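S.K.: Have a look at this one before I ask anything.
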Amino acid sequence: MPLINLPDFAGDLLAEFAGRRTERVDTPIIQPAEPFLDMAGEDLRRRIFMTESETGASLCLRPEFTIPVCLRHIETATGTPKRYSYLGEIFRQRREGGNEFYQAGIEDLGDRDIAGADARLIGDAIGILNRLVPGKSLSVTLGDQAVFEAVVQALGLPSGWQKRLIHAFGNMTHLKTLLARLASPQPVTGLDPHVLDFLTRGDEQGLVTHIDSTMKATGYSTNASRSPLEIARRLREKLVLSETHLDDGAFGVLEEFLSLSLPLADASSALAGFADSAGLKLGNALERFDARVAALAKAGVDASEIEYRAAFGRPLDYYTGLVYEVTLEGSPAVLAGGGRFDRLLTLLGAKDHIPAVGFALWLDRIETARAA
């Protein structure tokens with residue numbers, strides 16, 4: 001079915017996709033809602049247009065292409081590596097602009113050369129935009145969630161706090177709120193005295209028995225909720241998290257890391273210096289970071305023209321490493337954005353681990369930039 005109301009540069013865009021040896025795919029507009037609700041993140045979840053089937057299954061209008069393309073890849077049992085491109089409508093509520101608009105992009109699945117694939121996709125986004133918006137200076141911002149995860153893990157925080165901080169990566173307002181709570185812990189209030197006594201003494205079995213008897217006495221079905229053991233462990237984790245205190249030294253280390261902002265060409269040495277001065281072992285995360293910078297140079301992408309910001313992330317929960325956005329210099333409007341999502345295909349049901357990286361192009365914003 002021909003697409004209507006496409007921008008006039010659609011032909012150039014499709015030629016770019018073909019020239020970059022991608023296979024163009026389409027996916028249904030009506031999608032199962034569960035993968036987006038579980039894996040896309042709060043920012044996208046609250047903007048999805050939901051509906052349901054006659055059998056009560058939760059459905060939604062396609063809010064983005066990455067998850068549908070990955071599902072299609074799994075369903076068709078296509079081998080990897082595989083480079084897909086797409087061009088079609090997506091539907092989601094936006095603060096500015098229409099709720100139905102075109103998006104295009106590339107998803108690169110299964111390439112085991114992680115650094116090379118990252119560099120290729122960054123180069124693809126820059127190259128395509130240089131053709132679509134000629135004569136304009138582009139601004140590229142890059143972050144790395146894996147480096148942030150390595151810093152948080154090296155500080156030795158409880159796993160629950162690590163998950164919270166990693167989940168907040170890229171949202172500085174939320175991240176600062178969590179760090180403030182770590183600096184000044186707030187005690188858990190409202191707990192039953194018996195529950196608090198079991199938790200304080202570390203008597204998990206006693207707590208499980210108490211919860212089980214309470215649930216039976218109140219007629220609360222364990223089939224409709226968490227088991228007594230799950231509830232006990234969640235309460236224990238809540239207490240541990242509330243008592244965790246980030247000392248001034250560790251707090252300063254996190255603040256120093258999140259303040260890093262410099263040309264990507266200088267970022268490897270800056271991160272190594274930061275790790276050494278803080279006494280942190282970041283291991284593979286820095287090795288992968290350095291390999292990506294080297295791969296960009298090999299691909300002809302000038303790393304001095306890319307800004308690395310340690311606190312930079314994107315509002316989608318499935319990213320695992322590289323994240324980046326491209327704008328026009330001096331403009332906040334994102335023309336292209338993407339990153340690495342190595343865990344997504346496994347979570348969606350792939351039998352084997354499939355590394356993946358991709359980016360999306362916002363066609364209405366590109367059209368506005370061209371008109372300007």
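Letters for chains follow the order of the structure tokens (A, B, ...), residue numbers begin at 1 for each chain, and ligand numbers begin at 1 in the order shown.
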Using only C-alpha atoms, which residues sit within 10 Å of A:Ala117 once same-chain residues fewer than 5 positions away are excluded, as number ranges by chain?
M.R.: A: 108-112, 122-123, 292, 295-296, 340, 355-358
S.K.: To test your reading of the structure, identify every residue in stretch 55-230 of chain A that backbone DSSP assigns to alpha helix (DSSP H), and report it as a PyMOL selection string.
M.R.: chain A and resi 66-76+114-132+145-154+159-167+172-183+193-201+204-217+228-230
S.K.: Write out as a PyMOL selection string which residues come within 12 Å of stretch 8-15 of chain A when counting only C-alpha atoms, dropping same-chain ones fewer than 2 positions away.
M.R.: chain A and resi 3-6+17-25+84-88+102-106+124-125+127-134+361-364+366-368+370-371
S.K.: Figure out the distance between atom CA of A:Phe169 and atom CA of A:Val301, please, to one decimal in Å.
M.R.: 26.2 Å
S.K.: For the atom pair atom CA of A:Gly202 and atom CA of A:Leu165, what is the interatomic distance in Å to one decimal place?
M.R.: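 If I compute the distance from atom CA of A:Gly202 to atom CA of A:Leu165, I get 25.9 Å.
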S.K.: For A:Glu52, work out the shell of residues within 12 Å, counting only C-alpha atoms and skipping chain neighbours fewer than 2 positions away, then give it as a PyMOL selection string.
M.R.: chain A and resi 30-34+49-50+54-61
S.K.: Given the selection you just returned, output its residues as a file containing all heavy atoms, formatted as an mmCIF file, in the first residue's frame.
M.R.:
```
data_model
loop_
_atom_site.group_PDB
_atom_site.id
_atom_site.type_symbol
_atom_site.label_atom_id
_atom_site.label_comp_id
_atom_site.auth_asym_id
_atom_site.auth_seq_id
_atom_site.Cartn_x
_atom_site.Cartn_y
_atom_site.Cartn_z
ATOM 1 N N ILE A 30 -1.120 -2.252 14.173
ATOM 2 C CA ILE A 30 -1.646 -2.745 15.447
ATOM 3 C C ILE A 30 -0.653 -3.741 16.025
ATOM 4 O O ILE A 30 -0.322 -4.737 15.389
ATOM 5 C CB ILE A 30 -3.024 -3.419 15.272
ATOM 6 C CG1 ILE A 30 -4.018 -2.453 14.620
ATOM 7 C CG2 ILE A 30 -3.547 -3.908 16.613
ATOM 8 C CD1 ILE A 30 -4.347 -1.249 15.484
ATOM 9 N N GLN A 31 -0.166 -3.454 17.223
ATOM 10 C CA GLN A 31 0.878 -4.256 17.847
ATOM 11 C C GLN A 31 0.419 -4.772 19.213
ATOM 12 O O GLN A 31 -0.404 -4.136 19.884
ATOM 13 C CB GLN A 31 2.144 -3.407 18.052
ATOM 14 C CG GLN A 31 2.856 -3.018 16.786
ATOM 15 C CD GLN A 31 3.677 -4.170 16.221
ATOM 16 O OE1 GLN A 31 4.256 -4.955 16.954
ATOM 17 N NE2 GLN A 31 3.739 -4.244 14.904
ATOM 18 N N PRO A 32 0.960 -5.915 19.660
ATOM 19 C CA PRO A 32 0.711 -6.325 21.055
ATOM 20 C C PRO A 32 1.312 -5.294 21.996
ATOM 21 O O PRO A 32 2.454 -4.859 21.819
ATOM 22 C CB PRO A 32 1.424 -7.667 21.159
ATOM 23 C CG PRO A 32 2.457 -7.648 20.066
ATOM 24 C CD PRO A 32 1.858 -6.841 18.955
ATOM 25 N N ALA A 33 0.555 -4.886 23.000
ATOM 26 C CA ALA A 33 1.003 -3.788 23.865
ATOM 27 C C ALA A 33 2.053 -4.212 24.880
ATOM 28 O O ALA A 33 2.885 -3.410 25.286
ATOM 29 C CB ALA A 33 -0.201 -3.182 24.590
ATOM 30 N N GLU A 34 2.029 -5.483 25.284
ATOM 31 C CA GLU A 34 2.867 -5.926 26.393
ATOM 32 C C GLU A 34 4.351 -5.634 26.220
ATOM 33 O O GLU A 34 4.996 -5.134 27.156
ATOM 34 C CB GLU A 34 2.653 -7.428 26.631
ATOM 35 C CG GLU A 34 3.385 -7.948 27.864
ATOM 36 C CD GLU A 34 3.099 -9.416 28.118
ATOM 37 O OE1 GLU A 34 2.281 -10.001 27.382
ATOM 38 O OE2 GLU A 34 3.701 -9.976 29.046
ATOM 39 N N PHE A 49 -1.090 4.876 22.455
ATOM 40 C CA PHE A 49 -2.529 4.780 22.221
ATOM 41 C C PHE A 49 -2.938 3.309 22.357
ATOM 42 O O PHE A 49 -2.574 2.473 21.533
ATOM 43 C CB PHE A 49 -2.887 5.301 20.825
ATOM 44 C CG PHE A 49 -2.731 6.784 20.692
ATOM 45 C CD1 PHE A 49 -1.632 7.326 20.024
ATOM 46 C CD2 PHE A 49 -3.655 7.656 21.249
ATOM 47 C CE1 PHE A 49 -1.478 8.690 19.900
ATOM 48 C CE2 PHE A 49 -3.507 9.032 21.133
ATOM 49 C CZ PHE A 49 -2.418 9.553 20.461
ATOM 50 N N MET A 50 -3.687 3.004 23.413
ATOM 51 C CA MET A 50 -4.038 1.624 23.743
ATOM 52 C C MET A 50 -5.420 1.255 23.209
ATOM 53 O O MET A 50 -6.302 2.097 23.078
ATOM 54 C CB MET A 50 -4.023 1.427 25.260
ATOM 55 C CG MET A 50 -2.675 1.614 25.919
ATOM 56 S SD MET A 50 -1.573 0.221 25.642
ATOM 57 C CE MET A 50 -2.462 -1.073 26.523
ATOM 58 N N GLU A 54 -11.099 -8.336 20.707
ATOM 59 C CA GLU A 54 -12.399 -8.803 21.199
ATOM 60 C C GLU A 54 -12.249 -9.876 22.272
ATOM 61 O O GLU A 54 -13.174 -10.151 23.029
ATOM 62 C CB GLU A 54 -13.231 -9.347 20.042
ATOM 63 C CG GLU A 54 -12.597 -10.525 19.300
ATOM 64 C CD GLU A 54 -13.450 -11.004 18.144
ATOM 65 O OE1 GLU A 54 -14.414 -10.309 17.788
ATOM 66 O OE2 GLU A 54 -13.133 -12.074 17.615
ATOM 67 N N THR A 55 -11.053 -10.470 22.366
ATOM 68 C CA THR A 55 -10.801 -11.461 23.416
ATOM 69 C C THR A 55 -10.205 -10.832 24.676
ATOM 70 O O THR A 55 -9.889 -11.532 25.633
ATOM 71 C CB THR A 55 -9.849 -12.556 22.911
ATOM 72 O OG1 THR A 55 -8.599 -11.964 22.544
ATOM 73 C CG2 THR A 55 -10.449 -13.287 21.720
ATOM 74 N N GLY A 56 -10.001 -9.518 24.647
ATOM 75 C CA GLY A 56 -9.468 -8.820 25.810
ATOM 76 C C GLY A 56 -7.967 -8.636 25.829
ATOM 77 O O GLY A 56 -7.420 -8.111 26.800
ATOM 78 N N ALA A 57 -7.266 -9.058 24.752
ATOM 79 C CA ALA A 57 -5.812 -8.878 24.695
ATOM 80 C C ALA A 57 -5.474 -7.400 24.514
ATOM 81 O O ALA A 57 -6.114 -6.690 23.741
ATOM 82 C CB ALA A 57 -5.230 -9.694 23.547
ATOM 83 N N SER A 58 -4.455 -6.934 25.240
ATOM 84 C CA SER A 58 -4.046 -5.533 25.153
ATOM 85 C C SER A 58 -3.270 -5.285 23.864
ATOM 86 O O SER A 58 -2.306 -5.987 23.565
ATOM 87 C CB SER A 58 -3.171 -5.155 26.355
ATOM 88 O OG SER A 58 -3.917 -5.196 27.540
ATOM 89 N N LEU A 59 -3.714 -4.284 23.107
ATOM 90 C CA LEU A 59 -3.085 -3.913 21.850
ATOM 91 C C LEU A 59 -2.782 -2.425 21.875
ATOM 92 O O LEU A 59 -3.288 -1.682 22.723
ATOM 93 C CB LEU A 59 -4.010 -4.238 20.669
ATOM 94 C CG LEU A 59 -4.476 -5.692 20.522
ATOM 95 C CD1 LEU A 59 -5.547 -5.801 19.453
ATOM 96 C CD2 LEU A 59 -3.306 -6.601 20.196
ATOM 97 N N CYS A 60 -1.957 -1.977 20.935
ATOM 98 C CA CYS A 60 -1.678 -0.546 20.825
ATOM 99 C C CYS A 60 -1.353 -0.200 19.379
ATOM 100 O O CYS A 60 -0.996 -1.068 18.576
ATOM 101 C CB CYS A 60 -0.528 -0.139 21.742
ATOM 102 S SG CYS A 60 1.074 -0.822 21.268
ATOM 103 N N LEU A 61 -1.508 1.073 19.060
ATOM 104 C CA LEU A 61 -1.015 1.561 17.773
ATOM 105 C C LEU A 61 0.509 1.632 17.858
ATOM 106 O O LEU A 61 1.055 2.029 18.882
ATOM 107 C CB LEU A 61 -1.590 2.944 17.472
ATOM 108 C CG LEU A 61 -3.110 3.022 17.273
ATOM 109 C CD1 LEU A 61 -3.524 4.465 16.999
ATOM 110 C CD2 LEU A 61 -3.567 2.128 16.141
#
```
S.K.: Would you mind reading off the distance between atom CA of A:Ile67 and atom CA of A:Leu348, one decimal, in Å?
M.R.: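 Going from atom CA of A:Ile67 over to atom CA of A:Leu348, I get 8.3 Å.
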S.K.: Counting only C-alpha atoms, what is within 9 Å of stretch 270-279 of chain A, bar same-chain residues fewer than 3 positions away, as a PyMOL selection string?
M.R.: chain A and resi 151+250+253+256-257+260+262+266-267+282+286
S.K.: Can you list, as an mmCIF file with C-alpha atoms, in the first residue's frame, every protein, DNA or RNA residue that comes within 7 Å of A:Phe101 when you count only C-alpha atoms, leaving out same-chain residues fewer than 3 positions away?
M.R.:
```cif
data_model
loop_
_atom_site.group_PDB
_atom_site.id
_atom_site.type_symbol
_atom_site.label_atom_id
_atom_site.label_comp_id
_atom_site.auth_asym_id
_atom_site.auth_seq_id
_atom_site.Cartn_x
_atom_site.Cartn_y
_atom_site.Cartn_z
ATOM 1 C CA GLU A 89 3.885 5.884 10.502
ATOM 2 C CA ILE A 90 4.066 5.754 14.261
ATOM 3 C CA PHE A 91 1.431 6.885 16.728
ATOM 4 C CA GLY A 98 0.943 15.759 15.642
#
```
S.K.: Given only C-alpha atoms as the basis, pick out the residue of A:Ala119, A:Ala150, A:Leu344, A:Leu138 nearest to A:Gly300.
M.R.: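 Smallest separation from A:Gly300 among the options: A:Ala119.
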S.K.: Of the candidates A:Leu178, A:Leu246, A:Leu142, A:Leu207, which shows the shortest atom-to-atom distance to A:Ile306, using only C-alpha atoms?
M.R.: A:Leu142
S.K.: At a cut-off of 7 Å, using only C-alpha atoms, what residues contact A:Tyr318? Leave out same-chain residues fewer than 2 positions from it and give the result as a list in words.
M.R.: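 Everything that qualifies: Met39, Ala40, Leu316, Thr320, Phe341 and Leu344 of chain A.
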S.K.: Can you write just those residues out, all heavy atoms, as an mmCIF file, in the first residue's frame?
M.R.:
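Final output, saved to out.cif:
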```cif
data_model
loop_
_atom_site.group_PDB
_atom_site.id
_atom_site.type_symbol
_atom_site.label_atom_id
_atom_site.label_comp_id
_atom_site.auth_asym_id
_atom_site.auth_seq_id
_atom_site.Cartn_x
_atom_site.Cartn_y
_atom_site.Cartn_z
ATOM 1 N N MET A 39 9.058 -3.039 28.299
ATOM 2 C CA MET A 39 10.462 -2.813 27.934
ATOM 3 C C MET A 39 10.798 -1.420 27.412
ATOM 4 O O MET A 39 11.970 -1.079 27.317
ATOM 5 C CB MET A 39 10.885 -3.842 26.874
ATOM 6 C CG MET A 39 10.699 -5.267 27.316
ATOM 7 S SD MET A 39 10.903 -6.433 25.954
ATOM 8 C CE MET A 39 10.002 -7.833 26.599
ATOM 9 N N ALA A 40 9.796 -0.622 27.067
ATOM 10 C CA ALA A 40 10.105 0.654 26.417
ATOM 11 C C ALA A 40 10.387 1.783 27.395
ATOM 12 O O ALA A 40 11.061 2.746 27.046
ATOM 13 C CB ALA A 40 8.962 1.060 25.482
ATOM 14 N N LEU A 316 14.385 5.404 26.786
ATOM 15 C CA LEU A 316 13.868 4.079 26.459
ATOM 16 C C LEU A 316 14.632 3.059 27.301
ATOM 17 O O LEU A 316 15.866 3.062 27.315
ATOM 18 C CB LEU A 316 14.035 3.767 24.965
ATOM 19 C CG LEU A 316 13.104 4.535 24.010
ATOM 20 C CD1 LEU A 316 13.553 4.355 22.568
ATOM 21 C CD2 LEU A 316 11.660 4.079 24.163
ATOM 22 N N THR A 320 21.368 -0.512 26.357
ATOM 23 C CA THR A 320 22.340 -1.188 27.220
ATOM 24 C C THR A 320 23.740 -0.591 27.152
ATOM 25 O O THR A 320 24.572 -0.902 27.993
ATOM 26 C CB THR A 320 22.448 -2.674 26.827
ATOM 27 O OG1 THR A 320 22.818 -2.770 25.438
ATOM 28 C CG2 THR A 320 21.145 -3.409 27.058
ATOM 29 N N PHE A 341 21.035 -2.042 22.025
ATOM 30 C CA PHE A 341 20.031 -2.723 22.847
ATOM 31 C C PHE A 341 20.280 -4.236 22.797
ATOM 32 O O PHE A 341 19.513 -5.006 22.239
ATOM 33 C CB PHE A 341 18.608 -2.374 22.389
ATOM 34 C CG PHE A 341 18.389 -2.375 20.894
ATOM 35 C CD1 PHE A 341 17.848 -3.484 20.248
ATOM 36 C CD2 PHE A 341 18.711 -1.256 20.130
ATOM 37 C CE1 PHE A 341 17.634 -3.475 18.874
ATOM 38 C CE2 PHE A 341 18.505 -1.252 18.753
ATOM 39 C CZ PHE A 341 17.968 -2.365 18.123
ATOM 40 N N LEU A 344 17.508 -6.809 24.279
ATOM 41 C CA LEU A 344 16.105 -6.722 23.880
ATOM 42 C C LEU A 344 15.597 -7.974 23.169
ATOM 43 O O LEU A 344 14.516 -8.479 23.475
ATOM 44 C CB LEU A 344 15.887 -5.491 22.987
ATOM 45 C CG LEU A 344 14.454 -5.271 22.495
ATOM 46 C CD1 LEU A 344 13.490 -5.117 23.671
ATOM 47 C CD2 LEU A 344 14.374 -4.042 21.588
#
```
S.K.: Looking at A:Gly338, A:Leu179, A:Val152, A:Met215, which one is nearest to A:Lys281, with distances taken over only C-alpha atoms?
M.R.: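 Ranked by minimum distance to A:Lys281, first place goes to A:Val152.
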S.K.: Hey, which of A:Gly313, A:Ile211, A:Gly135, A:Gly143 ends up closest to A:Leu175? Count only C-alpha atoms.
M.R.: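 Answer, going by the shortest atom-to-atom distance: A:Gly313.
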S.K.: Where in stretch 97-341 of chain A does DSSP assign strand (DSSP E), given as a VMD selection string?
M.R.: chain A and resid 100 to 109 138 to 144 261 to 263 306 to 309 322 to 328 334 to 340
